[in-house]
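Asker: Please find protein.cif (mmCIF, C-alpha atoms) on the next line:
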```cif
data_start
loop_
_atom_site.label_atom_id
_atom_site.label_comp_id
_atom_site.auth_asym_id
_atom_site.auth_seq_id
_atom_site.Cartn_x
_atom_site.Cartn_y
_atom_site.Cartn_z
CA MET A 74 0.00 0.00 0.00
CA ALA A 75 1.35 3.41 -0.95
CA SER A 76 2.13 5.82 1.82
CA LYS A 77 0.79 9.33 2.08
CA ASN A 78 4.18 10.64 1.00
CA ASP A 79 4.10 8.44 -2.10
CA ASN A 80 0.64 9.70 -2.99
CA ALA A 81 1.75 13.30 -2.53
CA MET A 82 4.80 12.77 -4.74
CA GLN A 83 2.68 11.19 -7.46
CA ALA A 84 0.21 14.08 -7.28
CA ARG A 85 3.01 16.63 -7.62
CA ALA A 86 4.51 14.73 -10.55
CA LEU A 87 1.13 14.61 -12.29
CA ALA A 88 0.59 18.30 -11.68
CA GLN A 89 4.03 19.12 -13.07
CA GLN A 90 3.33 17.03 -16.17
CA GLN A 91 0.06 18.88 -16.73
CA VAL A 92 1.75 22.27 -16.31
CA ALA A 93 4.51 21.26 -18.71
CA LYS A 94 1.93 20.04 -21.21
CA LYS A 95 0.04 23.33 -20.98
CA GLU A 96 3.29 25.28 -21.43
CA ARG A 97 4.13 23.27 -24.54
CA LYS A 98 0.67 23.99 -25.97
CA SER A 99 1.00 27.70 -25.17
CA THR A 100 4.42 27.83 -26.79
CA ILE A 101 3.11 26.13 -29.91
CA ILE A 102 0.15 28.52 -30.07
CA ILE A 103 2.42 31.55 -29.65
CA VAL A 104 4.82 30.32 -32.34
CA VAL A 105 2.01 29.53 -34.76
CA ALA A 106 0.34 32.87 -34.10
CA SER A 107 3.65 34.65 -34.63
CA VAL A 108 4.27 32.83 -37.90
CA LEU A 109 0.74 33.56 -39.07
CA GLY A 110 1.10 37.17 -38.01
CA ILE A 111 4.32 37.54 -39.95
CA ALA A 112 2.78 35.83 -42.96
CA LEU A 113 -0.30 38.04 -42.84
CA PHE A 114 1.84 41.14 -42.41
CA ALA A 115 4.01 40.12 -45.36
CA ALA A 116 0.91 39.44 -47.43
CA LEU A 117 -0.49 42.85 -46.51
CA ILE A 118 2.75 44.58 -47.48
CA TYR A 119 2.81 42.67 -50.76
CA PHE A 120 -0.82 43.59 -51.42
CA ILE A 121 -0.22 47.26 -50.76
CA THR A 122 2.98 47.30 -52.80
CA ASP A 123 1.53 45.26 -55.63
CA ASN A 124 -1.60 47.37 -55.86
CA SER A 125 0.34 50.62 -55.78
CA LYS A 126 2.27 49.63 -58.88
CA VAL A 127 1.34 51.41 -62.07
CA PRO A 128 2.41 49.87 -65.37
CA ALA A 129 5.32 51.75 -66.89
CA LEU A 130 4.22 54.21 -69.54
CA ASP A 131 6.13 52.14 -72.09
CA ALA A 132 4.48 48.86 -71.02
CA ASP A 133 2.97 46.53 -73.61
CA GLY A 134 4.96 48.14 -76.37
CA ALA A 135 3.57 51.63 -75.81
CA VAL A 136 5.44 54.36 -77.69
CA VAL A 137 6.44 57.23 -75.39
CA PRO A 138 6.58 60.73 -76.93
CA ALA A 139 10.05 62.25 -76.82
CA GLY A 140 10.47 64.81 -74.08
CA SER A 141 7.70 63.46 -71.83
CA ASP A 142 8.58 62.34 -68.32
CA ALA A 143 7.69 59.41 -66.06
CA THR A 144 4.51 61.14 -64.84
CA GLY A 145 3.16 61.46 -68.36
CA GLY A 146 3.87 65.20 -68.37
CA ILE A 147 4.97 66.95 -71.55
CA PRO A 148 7.24 69.84 -70.48
CA VAL A 149 7.26 73.21 -72.20
CA GLY A 150 9.86 75.83 -71.34
CA PRO A 151 10.28 79.48 -72.31
CA THR A 152 11.01 78.69 -75.96
CA GLY A 153 7.69 76.88 -76.32
CA ILE A 154 9.45 73.76 -77.61
CA VAL A 155 8.81 70.47 -75.84
CA GLY A 156 11.72 69.51 -73.60
CA VAL A 157 13.99 72.43 -74.57
CA ASP A 158 15.50 74.70 -71.90
CA VAL A 159 12.86 73.74 -69.34
CA PRO A 160 13.98 75.38 -66.06
CA THR A 161 14.16 73.26 -62.93
CA ASP A 162 14.74 76.04 -60.39
CA VAL A 163 11.27 77.58 -60.75
CA PRO A 164 7.82 76.33 -59.71
CA ARG A 165 6.70 73.33 -61.73
CA VAL A 166 3.09 73.62 -62.88
CA ASP A 167 1.39 70.39 -63.99
CA ILE A 168 -1.90 70.80 -65.86
CA TYR A 169 -4.23 67.81 -66.31
CA GLU A 170 -6.81 68.25 -69.05
CA ASP A 171 -9.07 66.28 -71.38
CA PHE A 172 -9.75 67.70 -74.84
CA MET A 173 -13.45 66.80 -74.54
CA CYS A 174 -13.79 68.58 -71.19
CA PRO A 175 -15.68 71.91 -71.44
CA ALA A 176 -14.29 73.08 -68.10
CA CYS A 177 -10.80 72.55 -69.52
CA GLY A 178 -11.68 74.74 -72.48
CA LYS A 179 -12.84 77.41 -70.04
CA PHE A 180 -9.65 76.98 -68.01
CA GLU A 181 -7.55 77.59 -71.12
CA GLU A 182 -9.63 80.60 -72.10
CA ILE A 183 -9.11 82.20 -68.67
CA ASN A 184 -5.53 81.21 -67.90
CA SER A 185 -3.58 80.42 -71.09
CA VAL A 186 -2.27 83.96 -71.67
CA ASP A 187 -1.13 84.28 -68.04
CA LEU A 188 0.54 80.87 -68.06
CA ASN A 189 2.27 81.63 -71.36
CA GLU A 190 3.64 84.92 -70.08
CA LEU A 191 4.96 83.38 -66.87
CA ARG A 192 6.45 80.44 -68.78
CA GLU A 193 8.07 82.66 -71.41
CA ALA A 194 9.60 84.78 -68.63
CA SER A 195 11.06 81.59 -67.06
CA LYS A 196 9.05 82.17 -63.89
CA ILE A 197 7.43 78.73 -64.15
CA SER A 198 7.81 75.52 -66.11
CA VAL A 199 4.64 73.95 -67.48
CA TYR A 200 4.00 70.23 -67.87
CA TYR A 201 0.92 69.34 -69.88
CA HIS A 202 -0.89 66.09 -69.08
CA PRO A 203 -3.40 65.33 -71.84
CA ILE A 204 -5.58 62.52 -70.50
CA THR A 205 -8.42 60.29 -71.65
CA ILE A 206 -11.21 60.15 -69.08
CA LEU A 207 -14.09 61.40 -71.26
CA ASP A 208 -14.13 58.92 -74.15
CA ARG A 209 -17.64 57.94 -73.05
CA TYR A 210 -18.92 61.36 -74.14
CA SER A 211 -17.93 61.01 -77.80
CA ASN A 212 -20.50 58.52 -79.10
CA GLY A 213 -18.04 55.65 -79.26
CA THR A 214 -15.39 57.44 -81.33
CA GLU A 215 -12.94 57.64 -78.38
CA PHE A 216 -12.22 61.27 -79.17
CA SER A 217 -10.30 61.92 -75.94
CA THR A 218 -7.88 59.08 -76.65
CA ARG A 219 -7.50 60.07 -80.29
CA ALA A 220 -6.84 63.68 -79.33
CA VAL A 221 -4.14 62.68 -76.85
CA ASN A 222 -2.58 60.45 -79.50
CA ALA A 223 -2.60 63.43 -81.87
CA VAL A 224 -0.89 65.87 -79.49
CA ALA A 225 1.61 63.18 -78.47
CA THR A 226 2.43 62.63 -82.13
CA VAL A 227 3.10 66.33 -82.54
CA ALA A 228 5.11 66.50 -79.29
CA ASP A 229 7.29 63.65 -80.51
CA ARG A 230 7.74 64.61 -84.16
CA ALA A 231 7.14 68.37 -84.31
CA PRO A 232 7.94 69.53 -80.75
CA GLU A 233 8.06 73.21 -81.71
CA SER A 234 4.38 73.00 -82.72
CA PHE A 235 3.06 71.15 -79.66
CA HIS A 236 1.93 74.18 -77.67
CA PRO A 237 0.24 75.98 -80.59
CA TYR A 238 -1.48 72.71 -81.43
CA VAL A 239 -2.89 72.35 -77.92
CA GLU A 240 -4.20 75.91 -78.16
CA VAL A 241 -5.85 75.42 -81.56
CA LEU A 242 -7.55 72.21 -80.40
CA TYR A 243 -9.10 74.02 -77.43
CA ALA A 244 -10.11 76.91 -79.68
CA ASN A 245 -11.97 74.34 -81.82
CA GLN A 246 -13.09 72.07 -78.99
CA PRO A 247 -16.08 69.86 -79.80
CA ALA A 248 -19.02 69.66 -77.41
CA GLU A 249 -19.58 66.70 -75.14
CA ASN A 250 -21.86 63.98 -76.50
CA THR A 251 -20.76 64.60 -80.08
CA ASP A 252 -18.44 62.49 -82.22
CA GLY A 253 -15.62 64.96 -81.62
CA LEU A 254 -13.10 65.79 -84.32
CA THR A 255 -12.16 63.17 -86.90
CA ASP A 256 -8.55 62.07 -87.30
CA GLU A 257 -8.50 63.99 -90.57
CA GLN A 258 -9.59 67.16 -88.77
CA LEU A 259 -6.98 66.59 -86.08
CA ALA A 260 -4.38 66.31 -88.84
CA ASP A 261 -5.65 69.46 -90.59
CA PHE A 262 -5.42 71.49 -87.38
CA ALA A 263 -1.86 70.22 -86.90
CA VAL A 264 -0.92 71.46 -90.37
CA SER A 265 -2.55 74.82 -89.58
CA VAL A 266 0.01 75.45 -86.79
CA GLY A 267 3.04 74.50 -88.86
CA VAL A 268 3.24 70.70 -88.57
CA SER A 269 4.37 69.12 -91.81
CA GLN A 270 1.82 67.13 -93.76
CA GLY A 271 4.02 64.07 -93.39
CA VAL A 272 3.85 64.22 -89.59
CA ALA A 273 0.16 65.14 -89.58
CA ASP A 274 -0.59 62.09 -91.71
CA GLN A 275 0.91 59.89 -88.97
CA ILE A 276 -1.78 60.89 -86.47
CA VAL A 277 -4.18 58.33 -87.91
CA ASP A 278 -1.65 55.55 -87.16
CA GLY A 279 -2.45 55.80 -83.44
CA ASP A 280 1.13 55.14 -82.34
CA PHE A 281 0.61 56.83 -78.96
CA ARG A 282 -2.81 55.45 -77.99
CA LYS A 283 -1.34 52.96 -75.50
CA TRP A 284 0.80 55.68 -73.94
CA ALA A 285 -2.31 57.87 -73.64
CA LEU A 286 -4.02 55.21 -71.53
CA GLY A 287 -0.93 54.62 -69.39
CA ALA A 288 -0.47 58.35 -68.82
CA THR A 289 -4.10 58.60 -67.71
CA ASP A 290 -3.60 55.76 -65.21
CA GLN A 291 -0.46 57.46 -63.92
CA ALA A 292 -2.32 60.75 -63.51
CA SER A 293 -4.90 59.03 -61.33
CA GLN A 294 -2.16 57.49 -59.20
CA ASP A 295 -0.59 60.93 -58.81
CA GLY A 296 -3.81 62.35 -57.36
CA MET A 297 -5.70 63.70 -60.36
CA GLN A 298 -9.42 63.14 -59.72
CA GLY A 299 -10.94 65.21 -62.49
CA THR A 300 -10.22 67.82 -65.12
CA PRO A 301 -8.90 70.39 -65.11
CA THR A 302 -6.47 69.80 -62.26
CA VAL A 303 -3.49 72.02 -61.49
CA MET A 304 -0.56 70.75 -59.45
CA VAL A 305 2.25 73.05 -58.31
CA ASP A 306 5.46 71.44 -57.14
CA GLY A 307 3.65 68.18 -56.49
CA GLU A 308 0.71 69.66 -54.58
CA ILE A 309 -2.76 69.82 -56.13
CA LEU A 310 -4.26 73.28 -55.81
CA ASP A 311 -7.55 73.50 -53.95
CA GLN A 312 -9.94 75.68 -55.91
CA ASN A 313 -11.32 76.99 -52.64
CA ASP A 314 -7.92 78.60 -52.14
CA VAL A 315 -6.86 79.29 -55.73
CA SER A 316 -9.75 79.44 -58.19
CA TYR A 317 -8.88 78.31 -61.68
CA PHE A 318 -11.89 80.10 -63.09
CA THR A 319 -11.50 83.61 -61.73
CA PRO A 320 -9.28 85.65 -64.06
CA GLY A 321 -5.93 86.55 -62.56
CA VAL A 322 -6.20 84.42 -59.41
CA LEU A 323 -3.97 81.58 -60.61
CA ARG A 324 -1.43 84.03 -62.01
CA ASN A 325 -1.31 86.01 -58.77
CA TYR A 326 -0.75 82.81 -56.84
CA LEU A 327 2.08 81.69 -59.12
CA ASP A 328 3.62 85.17 -59.02
CA SER A 329 3.70 84.97 -55.23
CA LEU A 330 5.83 81.82 -55.12
#
```
Would you give me this structure, written as C-alpha cells?
Answerer:
Amino acid sequence: MASKNDNAMQARALAQQQVAKKERKSTIIIVVASVLGIALFAALIYFITDNSKVPALDADGAVVPAGSDATGGIPVGPTGIVGVDVPTDVPRVDIYEDFMCPACGKFEEINSVDLNELREASKISVYYHPITILDRYSNGTEFSTRAVNAVATVADRAPESFHPYVEVLYANQPAENTDGLTDEQLADFAVSVGVSQGVADQIVDGDFRKWALGATDQASQDGMQGTPTVMVDGEILDQNDVSYFTPGVLRNYLDSL
C-alpha cells in the first residue's frame, strides 16, 4: 500500500506534467500565431505594394513621346518647344486636361495667356498632361484618346508645334456627346500650326494610344481626380484657395511663389 508521501509525490509529478503540457501547448500557439502574423503582415505589405504599382508608360509596347517624363507630363519651357531649356529652379506647374472637357476649355480661355507669359519669362515651367477620361462622351469614337494620341504625335515629331497645337484644339473644342473631331480634322489642325503634312498624316496611325491610356492611369495614381487639375510642385491646388476660373487668381498665386 502506498504511503501518504508516495501519494503526494505522485500528485506533484502529475501536476508538473500537466503544467509542462500546458506550457508546450502555449508555446506552440504563440509560435504559430507569430508565424501567421508575420505571414499576414508580409501578405499585406505585398498587397499594398503590388496594388500601388502602375504599369510603366512604355508597357505593352507603348510608344512614349520624346520629351515626356515618367509622370506622363509633356514639359514646355520658355522657348515653347517640348523639352527644350525647361527650367528646374522655378515652380513646376502640372496641368491635367481632357480635350473633350468643357471646363478645360474654359480653363484655357481664362488662364492660357497668363501661363504663357509666366512660362516665357522663365518664372514657371509647365507640364501638360493630356488625358483620356471622357471617351464615353464622344459617341463611341474615343475622341479623348485620339486627341491625346494626336498631341503626343506632334510632341514627338514636331515639338516646336506642340503648344500651338494644344491651343488650336481648345479653340476648336467639340461639345460633349458629339463624335468629336475626326482624325482627318486633327491632322488638318496640326498642319494649320506648322506641322508638316508628313507628320500630320501619322496621327491616324495611333502610335501613342497605349501611352495615352498609361499616362491617364499614372495621372490618377498621382492624385488627379478630375479635369482640369493644377498641381504646383507636387501639390494639387484647392480651388477653394486658388480658383482656376476667376481671371488673374492663378497668375497672382504663381507670381507669389
Asker: Written as an NGL selection string, what is the full residue list that the PyMOL selection byres ((chain A and resi 215) around 12) yields on the file shown?
Answerer: :A and (171-173 or 204-214 or 216-222 or 249-256 or 279 or 282 or 285-286)
Asker: Residues as selected, C-alpha atoms, written as a PDB file, in the coordinates of the input, can you do that?
Answerer:
```pdb
ATOM      1  CA  ASP A 171      -9.070  66.280 -71.380  1.00  0.00           C
ATOM      2  CA  PHE A 172      -9.750  67.700 -74.840  1.00  0.00           C
ATOM      3  CA  MET A 173     -13.450  66.800 -74.540  1.00  0.00           C
ATOM      4  CA  ILE A 204      -5.580  62.520 -70.500  1.00  0.00           C
ATOM      5  CA  THR A 205      -8.420  60.290 -71.650  1.00  0.00           C
ATOM      6  CA  ILE A 206     -11.210  60.150 -69.080  1.00  0.00           C
ATOM      7  CA  LEU A 207     -14.090  61.400 -71.260  1.00  0.00           C
ATOM      8  CA  ASP A 208     -14.130  58.920 -74.150  1.00  0.00           C
ATOM      9  CA  ARG A 209     -17.640  57.940 -73.050  1.00  0.00           C
ATOM     10  CA  TYR A 210     -18.920  61.360 -74.140  1.00  0.00           C
ATOM     11  CA  SER A 211     -17.930  61.010 -77.800  1.00  0.00           C
ATOM     12  CA  ASN A 212     -20.500  58.520 -79.100  1.00  0.00           C
ATOM     13  CA  GLY A 213     -18.040  55.650 -79.260  1.00  0.00           C
ATOM     14  CA  THR A 214     -15.390  57.440 -81.330  1.00  0.00           C
ATOM     15  CA  PHE A 216     -12.220  61.270 -79.170  1.00  0.00           C
ATOM     16  CA  SER A 217     -10.300  61.920 -75.940  1.00  0.00           C
ATOM     17  CA  THR A 218      -7.880  59.080 -76.650  1.00  0.00           C
ATOM     18  CA  ARG A 219      -7.500  60.070 -80.290  1.00  0.00           C
ATOM     19  CA  ALA A 220      -6.840  63.680 -79.330  1.00  0.00           C
ATOM     20  CA  VAL A 221      -4.140  62.680 -76.850  1.00  0.00           C
ATOM     21  CA  ASN A 222      -2.580  60.450 -79.500  1.00  0.00           C
ATOM     22  CA  GLU A 249     -19.580  66.700 -75.140  1.00  0.00           C
ATOM     23  CA  ASN A 250     -21.860  63.980 -76.500  1.00  0.00           C
ATOM     24  CA  THR A 251     -20.760  64.600 -80.080  1.00  0.00           C
ATOM     25  CA  ASP A 252     -18.440  62.490 -82.220  1.00  0.00           C
ATOM     26  CA  GLY A 253     -15.620  64.960 -81.620  1.00  0.00           C
ATOM     27  CA  LEU A 254     -13.100  65.790 -84.320  1.00  0.00           C
ATOM     28  CA  THR A 255     -12.160  63.170 -86.900  1.00  0.00           C
ATOM     29  CA  ASP A 256      -8.550  62.070 -87.300  1.00  0.00           C
ATOM     30  CA  GLY A 279      -2.450  55.800 -83.440  1.00  0.00           C
ATOM     31  CA  ARG A 282      -2.810  55.450 -77.990  1.00  0.00           C
ATOM     32  CA  ALA A 285      -2.310  57.870 -73.640  1.00  0.00           C
ATOM     33  CA  LEU A 286      -4.020  55.210 -71.530  1.00  0.00           C
TER      34      LEU A 286
END
```
Asker: Go through the shown structure with the PyMOL selection byres ((chain A and resi 263-276) around 12) and write out the matching residues as a ChimeraX atom specification.
Answerer: /A:218-242,255-262,277-282
Asker: I'd like the neighbourhood of Ala132 (chain A) as a PyMOL selection string, where a residue qualifies if any of its atoms comes within 10 Å (using all atoms listed in the file), though same-chain residues fewer than 5 positions away should be ignored.
Answerer: chain A and resi 127+137+283-284+287
Asker: When the PyMOL selection byres ((chain A and resi 310) around 12) is applied to the file above, which residues end up in the set, as number ranges by chain?
Answerer: A: 166-169, 296-297, 301-309, 311-317, 322-323, 326-327
Asker: Please measure the separation of CA of Gln291 (chain A) and CA of His202 (chain A), giving the value in Å to one decimal.
Answerer: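 Straight-line distance from CA of Gln291 (chain A) to CA of His202 (chain A) works out to 10.1 Å.
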Asker: Around all the atoms of region 132-141 of chain A listed in the file, with 6 Å of room on each side, what axis-aligned box do you get, giving centre and edge lengths in Å to one decimal, as lines of an AutoDock Vina configuration file?
Answerer:
```
center_x = 6.7
center_y = 55.7
center_z = -74.4
size_x = 19.5
size_y = 30.3
size_z = 18.7
```
Asker: Go through A:Thr144, A:Glu181, A:Ala135, A:Glu190 and flag the residue nearest Ser293 (chain A), using all atoms listed in the file for the distances.
Answerer: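 Checking each of A:Thr144, A:Glu181, A:Ala135, A:Glu190 against Ser293 (chain A), counting all atoms listed in the file, the winner is A:Thr144.
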Asker: CA of Asp162 (chain A) to CA of Tyr200 (chain A): how many Å, to one decimal?
Answerer: 14.3 Å
